[in-house]
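Visitor: Right, I'll just put the structure down here and ask away after.
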Amino acid sequence: MSEPNSQSTVAVSGTEPAVNHATRGRMGKIPSVRIAATGSFVPEKVVSNDDLAQLGCDSDWIVRRTGIKARRHATDDQATSDLCYEAAIRCLDQAGVTVDQVDLIIVATMTPDHPTPSTACHLQRRLGAFAPAMDVNAACAGFMYAMITAGQFIAAGNNQCVLVIGADLMSRTINPEDKKTYPLFGDAAGAVLMTPDADGDAEVLSYQLGSEGCGGEMLCIPAGGTRMQTTPGTIADGKQYLEMDGRNVFKWAVRVFDESAKNVLADAEISADQLASVVLHQANQRIIDSAVSNLDVPADRVFVNLDHYGNTSAASIPLALDEAVRAGKIKQSDYVLLCGFGAGLTWGTALLRW
């Protein structure tokens, strides 16, 4: 999910999806679970705006419209599972947990190594784990879906340690000839380890997951699935690349964050001024600014790193979380608001007591 672009090639109605507002999203809470550790990994290759200028991209336009100054691109021999592995071992090292203690592995990604087997199974094999493993695809909201799923396994008493990774190689999904879209995305992986909280202080105080499938064409990779198989013709037409109705996605993202954040805070009976940190999907600085101004949260409580990494899809929230934790911006007992939003259309918002 990214920035407004009036030159979309996606066929849509030109307006936001029409939905019944009374039934948008589903609320819940997960007591006595916590994020015990975080970890992240980005490829070494830095692609600056100046580098993209050689392709005809306007550096000033990129910064002015998105806030992005650089992004990371994986090398040709790196796959999504490779980034997942690096983020996972950093997370496990921080937690002091061995691989054999992991009960479940969930990978959120829209750029799997292969259509099958899952990227999570590739990661499980490389880690030497014996845990079950599965992928979740909710695009830029994927980490939120995976994190809530992990929390439910723990709350049910079936798991003690769940490894959740959000990872995407978005550079592989964007048409290099699309000067408006190609600069927006980067590659990364972020991980968290979720466990029960013995003291009962940490918890997911409230969350909302939602989908508006009627807006699915706003962010879509048309070819490569059973609806449209990859052929020489689809490749010639660039249908293997992400197509985006950026302007309408922008409006939808601002609205859905505003509504879902307020719903989650009201459900938990927490006011916005009590939030220590807000970590949104790092799509676009203008989206973040618009969304947070509606919530009336001080800018210094909103963690932003998209200027360094761009939109990394499912990786953006755990990548930002890891950096925020290591920077000392998130501490025990803090109220932390997370929100991811993207293709599907999907979103997930959660209020955590850290």
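Residues in the structure tokens are numbered from 1 in each chain, the chains being A, B, ... in the order shown, and ligands are numbered from 1 in the order shown.
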Dump as CSV the rows for residues of range 283-319 of chain A within 12 Å of range 91-107 of chain A: closest atom pair and distance in Å with one decimal, only C-alpha atoms counted, ordered by chain and rising residue number.
Guide:
```
residue,atom,partner,partner_atom,distance
A:Ala314,CA,A:Val107,CA,9.2
A:Ala315,CA,A:Val107,CA,10.0
A:Pro318,CA,A:Cys91,CA,10.7
A:Leu319,CA,A:Cys91,CA,11.2
```
Visitor: Check range 125-229 of chain A with DSSP on the backbone and list each residue it calls helix (DSSP H, G or I), as number ranges by chain.
Guide: A: 125-127, 139-155, 170-172, 182-184, 213-218
Visitor: Would you mind reading off the distance between CA of Ser313 in chain A and CA of Lys45 in chain A, one decimal, in Å?
Guide: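 Those two atoms sit 17.9 Å apart.
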Visitor: Write out as a Markdown table the residues of range 23-72 of chain A that have any atom within 12 Å of an atom of range 265-268 of chain A, one row each with the nearest atom pair and its distance in Å to one decimal, counting only C-alpha atoms, sorted by chain and then rising number.
Guide:
```
| residue | atom | partner | partner_atom | distance |
| --- | --- | --- | --- | --- |
| A:Arg26 | CA | A:Asp267 | CA | 11.7 |
| A:Met27 | CA | A:Asp267 | CA | 8.5 |
| A:Gly28 | CA | A:Asp267 | CA | 9.1 |
| A:Lys29 | CA | A:Ala268 | CA | 8.9 |
| A:Ile30 | CA | A:Ala268 | CA | 11.6 |
| A:Pro31 | CA | A:Ala268 | CA | 12.0 |
```
Visitor: Which value, in Å to one decimal, gives the distance between CA of Asn137 in chain A and CA of Gln152 in chain A?
Guide: 17.6 Å
Visitor: Using only C-alpha atoms, which protein or nucleic acid residues come within 12 Å of Gln160 in chain A? Drop anything in the same chain fewer than 3 positions from it, and give the result as a PyMOL selection string.
Guide: chain A and resi 32-36+97+100-105+131+150-157+163+193-198
Visitor: With N, CA and C atoms retained, write the just-selected residues as a CSV table (one decimal), in the first residue's frame.
Guide:
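Writing done, so here's out15.csv:
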```
chain,number,residue,atom,x,y,z
A,32,SER,N,-2.8,-11.6,28.5
A,32,SER,CA,-1.6,-12.3,29.0
A,32,SER,C,-0.7,-12.9,27.8
A,33,VAL,N,-0.5,-12.1,26.8
A,33,VAL,CA,0.5,-12.5,25.8
A,33,VAL,C,1.4,-11.3,25.6
A,34,ARG,N,2.6,-11.5,25.2
A,34,ARG,CA,3.5,-10.4,25.0
A,34,ARG,C,4.5,-10.7,23.9
A,35,ILE,N,5.1,-9.6,23.3
A,35,ILE,CA,6.2,-9.7,22.4
A,35,ILE,C,7.4,-9.8,23.2
A,36,ALA,N,8.0,-11.0,23.3
A,36,ALA,CA,9.2,-11.2,24.2
A,36,ALA,C,10.5,-10.7,23.5
A,97,VAL,N,16.2,-17.7,23.3
A,97,VAL,CA,15.4,-18.9,23.1
A,97,VAL,C,16.0,-19.8,22.0
A,100,ASP,N,14.6,-25.2,19.2
A,100,ASP,CA,13.8,-26.3,19.6
A,100,ASP,C,12.6,-25.9,20.5
A,101,GLN,N,12.7,-24.7,21.1
A,101,GLN,CA,11.7,-24.2,21.9
A,101,GLN,C,10.5,-23.5,21.2
A,102,VAL,N,10.7,-23.3,19.9
A,102,VAL,CA,9.7,-22.7,19.1
A,102,VAL,C,8.6,-23.7,18.7
A,103,ASP,N,7.3,-23.3,19.1
A,103,ASP,CA,6.2,-24.2,18.9
A,103,ASP,C,5.5,-24.0,17.5
A,104,LEU,N,5.6,-22.8,16.9
A,104,LEU,CA,4.9,-22.5,15.7
A,104,LEU,C,5.6,-21.4,15.0
A,105,ILE,N,5.7,-21.5,13.7
A,105,ILE,CA,6.3,-20.4,12.8
A,105,ILE,C,5.2,-19.9,11.8
A,131,ALA,N,8.9,-27.3,14.5
A,131,ALA,CA,7.5,-26.6,14.7
A,131,ALA,C,6.7,-26.7,13.4
A,150,ALA,N,-1.0,-15.7,16.0
A,150,ALA,CA,-0.1,-16.2,17.0
A,150,ALA,C,-0.6,-16.1,18.4
A,151,GLY,N,-1.1,-14.9,18.7
A,151,GLY,CA,-1.6,-14.6,20.0
A,151,GLY,C,-2.7,-15.5,20.4
A,152,GLN,N,-3.6,-15.9,19.4
A,152,GLN,CA,-4.7,-16.8,19.7
A,152,GLN,C,-4.2,-18.2,20.1
A,153,PHE,N,-3.2,-18.7,19.4
A,153,PHE,CA,-2.6,-20.0,19.7
A,153,PHE,C,-2.1,-20.0,21.1
A,154,ILE,N,-1.5,-18.9,21.5
A,154,ILE,CA,-0.9,-18.8,22.9
A,154,ILE,C,-2.0,-18.7,23.9
A,155,ALA,N,-3.0,-17.9,23.6
A,155,ALA,CA,-4.1,-17.7,24.6
A,155,ALA,C,-4.9,-19.0,24.8
A,156,ALA,N,-5.0,-19.8,23.8
A,156,ALA,CA,-5.7,-21.1,23.9
A,156,ALA,C,-4.9,-22.1,24.7
A,157,GLY,N,-3.6,-21.8,25.0
A,157,GLY,CA,-2.8,-22.7,25.8
A,157,GLY,C,-2.1,-23.7,25.0
A,163,LEU,N,7.0,-17.9,16.7
A,163,LEU,CA,7.9,-17.0,15.9
A,163,LEU,C,7.1,-16.4,14.7
A,193,LEU,N,9.0,-12.6,18.6
A,193,LEU,CA,8.7,-13.9,19.3
A,193,LEU,C,7.6,-13.6,20.4
A,194,MET,N,6.5,-14.3,20.2
A,194,MET,CA,5.4,-14.1,21.1
A,194,MET,C,5.3,-15.2,22.1
A,195,THR,N,5.0,-14.9,23.4
A,195,THR,CA,5.0,-15.9,24.5
A,195,THR,C,3.9,-15.5,25.4
A,196,PRO,N,3.5,-16.4,26.3
A,196,PRO,CA,2.6,-16.0,27.4
A,196,PRO,C,3.3,-15.0,28.3
A,197,ASP,N,2.5,-14.1,29.0
A,197,ASP,CA,3.0,-13.2,30.0
A,197,ASP,C,2.6,-13.7,31.4
A,198,ALA,N,3.6,-14.2,32.1
A,198,ALA,CA,3.4,-14.9,33.4
A,198,ALA,C,2.8,-13.9,34.4
```
Visitor: Could you name the residues that touch range 249-259 of chain A at 10 Å or less, counting only C-alpha atoms, but leaving out those on the same chain fewer than 2 positions away, as a PyMOL selection string?
Guide: chain A and resi 1-5+15-17+21+24-25+210+215+218-219+244-247+261-264+280+283-284+286-295+338-343+345-349
Visitor: Env of Glu323 in chain A: 12 Å cut, atoms = only C-alpha atoms, seq-sep filter 6 positions within chain, self excluded. Answer as a PyMOL selection string.
Guide: chain A and resi 37-42+190-191+279+303-306+308+316-317+329-330
Visitor: Just the strand (DSSP E or B) stuff from range 105-305 of chain A, please, per backbone DSSP, written as a short mmCIF file (atom, residue, chain, number, x, y, z; two decimals) with C-alpha atoms, in the first residue's frame.
Guide:
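New file selection-v8.cif:
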```cif
data_model
loop_
_atom_site.label_atom_id
_atom_site.label_comp_id
_atom_site.auth_asym_id
_atom_site.auth_seq_id
_atom_site.Cartn_x
_atom_site.Cartn_y
_atom_site.Cartn_z
CA ILE A 105 6.29 -20.43 12.82
CA ILE A 106 4.10 -17.98 10.91
CA VAL A 107 5.44 -16.00 7.98
CA ALA A 108 3.46 -13.07 6.61
CA ALA A 133 4.94 -23.64 9.85
CA MET A 134 2.56 -21.70 7.65
CA ASP A 135 2.29 -18.55 5.54
CA VAL A 136 -0.27 -15.76 5.84
CA VAL A 162 5.48 -18.50 18.41
CA LEU A 163 7.88 -16.99 15.89
CA VAL A 164 6.17 -14.43 13.65
CA ILE A 165 7.99 -12.96 10.66
CA GLY A 166 6.86 -10.34 8.19
CA ALA A 167 8.97 -10.33 5.04
CA ASP A 168 8.68 -9.18 1.45
CA LEU A 169 10.91 -8.64 -1.56
CA PHE A 185 9.08 -0.13 -2.34
CA ASP A 187 12.96 -5.37 0.68
CA ALA A 188 13.19 -6.37 4.35
CA ALA A 189 12.19 -8.83 7.06
CA GLY A 190 11.16 -8.30 10.66
CA ALA A 191 10.43 -10.84 13.38
CA VAL A 192 8.86 -11.04 16.82
CA LEU A 193 8.70 -13.86 19.34
CA MET A 194 5.37 -14.08 21.12
CA THR A 195 4.98 -15.85 24.46
CA PRO A 196 2.56 -15.97 27.40
CA GLU A 203 -1.55 -8.08 26.59
CA VAL A 204 -3.32 -7.16 23.41
CA LEU A 205 -5.86 -4.86 25.01
CA SER A 206 -7.93 -4.58 21.85
CA TYR A 207 -7.58 -5.34 18.16
CA GLN A 208 -9.54 -5.09 14.95
CA LEU A 209 -9.00 -7.11 11.79
CA GLY A 210 -10.91 -6.24 8.66
CA SER A 211 -11.19 -6.81 4.94
CA LEU A 219 -3.88 -3.18 -5.38
CA CYS A 220 -3.42 -6.24 -7.51
CA GLU A 243 -0.93 -2.41 -10.28
CA MET A 244 -2.18 0.31 -7.94
CA SER A 277 4.37 4.82 20.62
CA VAL A 278 2.46 4.51 17.37
CA VAL A 279 3.88 2.21 14.69
CA LEU A 280 2.03 2.29 11.38
CA VAL A 302 5.08 8.13 15.96
#
```
Visitor: Rank A:Gly142, A:Pro232, A:Gly238, A:Gly225 by their smallest atom-to-atom distance to Asn175 in chain A, using only C-alpha atoms, and report the top residue only.
Guide: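 Under the stated criterion, the closest residue is A:Gly238.
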Visitor: Between A:Val47, A:Ile221, A:Ala202, A:Cys121, which one has atoms that come closest to Lys69 in chain A, using only C-alpha atoms?
Guide: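 Among the listed residues, the smallest separation from Lys69 in chain A belongs to A:Val47.
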Visitor: How many Å separate CA of Thr111 in chain A from CA of Gly56 in chain A?
Guide: 26.1 Å
Visitor: Which one of A:Arg172, A:Asp50, A:Asn248, A:Val336 sits closest to Ala70 in chain A if you count only C-alpha atoms?
Guide: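 For Ala70 in chain A, the nearest of the given residues is A:Asp50.
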Visitor: Find the residue from A:Leu123, A:Ala272, A:Met110, A:Ile68 that sits nearest to Cys84 in chain A; use only C-alpha atoms when measuring.
Guide: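 Counting only C-alpha atoms, the residue closest to Cys84 in chain A is A:Leu123.
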Visitor: Determine the nearest neighbour of Asp113 in chain A from the options A:Asp307, A:Glu86, A:Asp77, A:Asp199, counting only C-alpha atoms.
Guide: A:Asp77
Visitor: Write out as a PyMOL selection string each polymer residue whose atoms come within 10 Å of Gln78 in chain A, counting only C-alpha atoms; drop sequence neighbours fewer than 4 positions from it.
Guide: chain A and resi 43+73-74+82-83+113+169
Visitor: From the list A:Gln240, A:Ser48, A:Thr181, A:Thr116, which residue is nearest Arg65 in chain A when using only C-alpha atoms?
Guide: A:Thr181
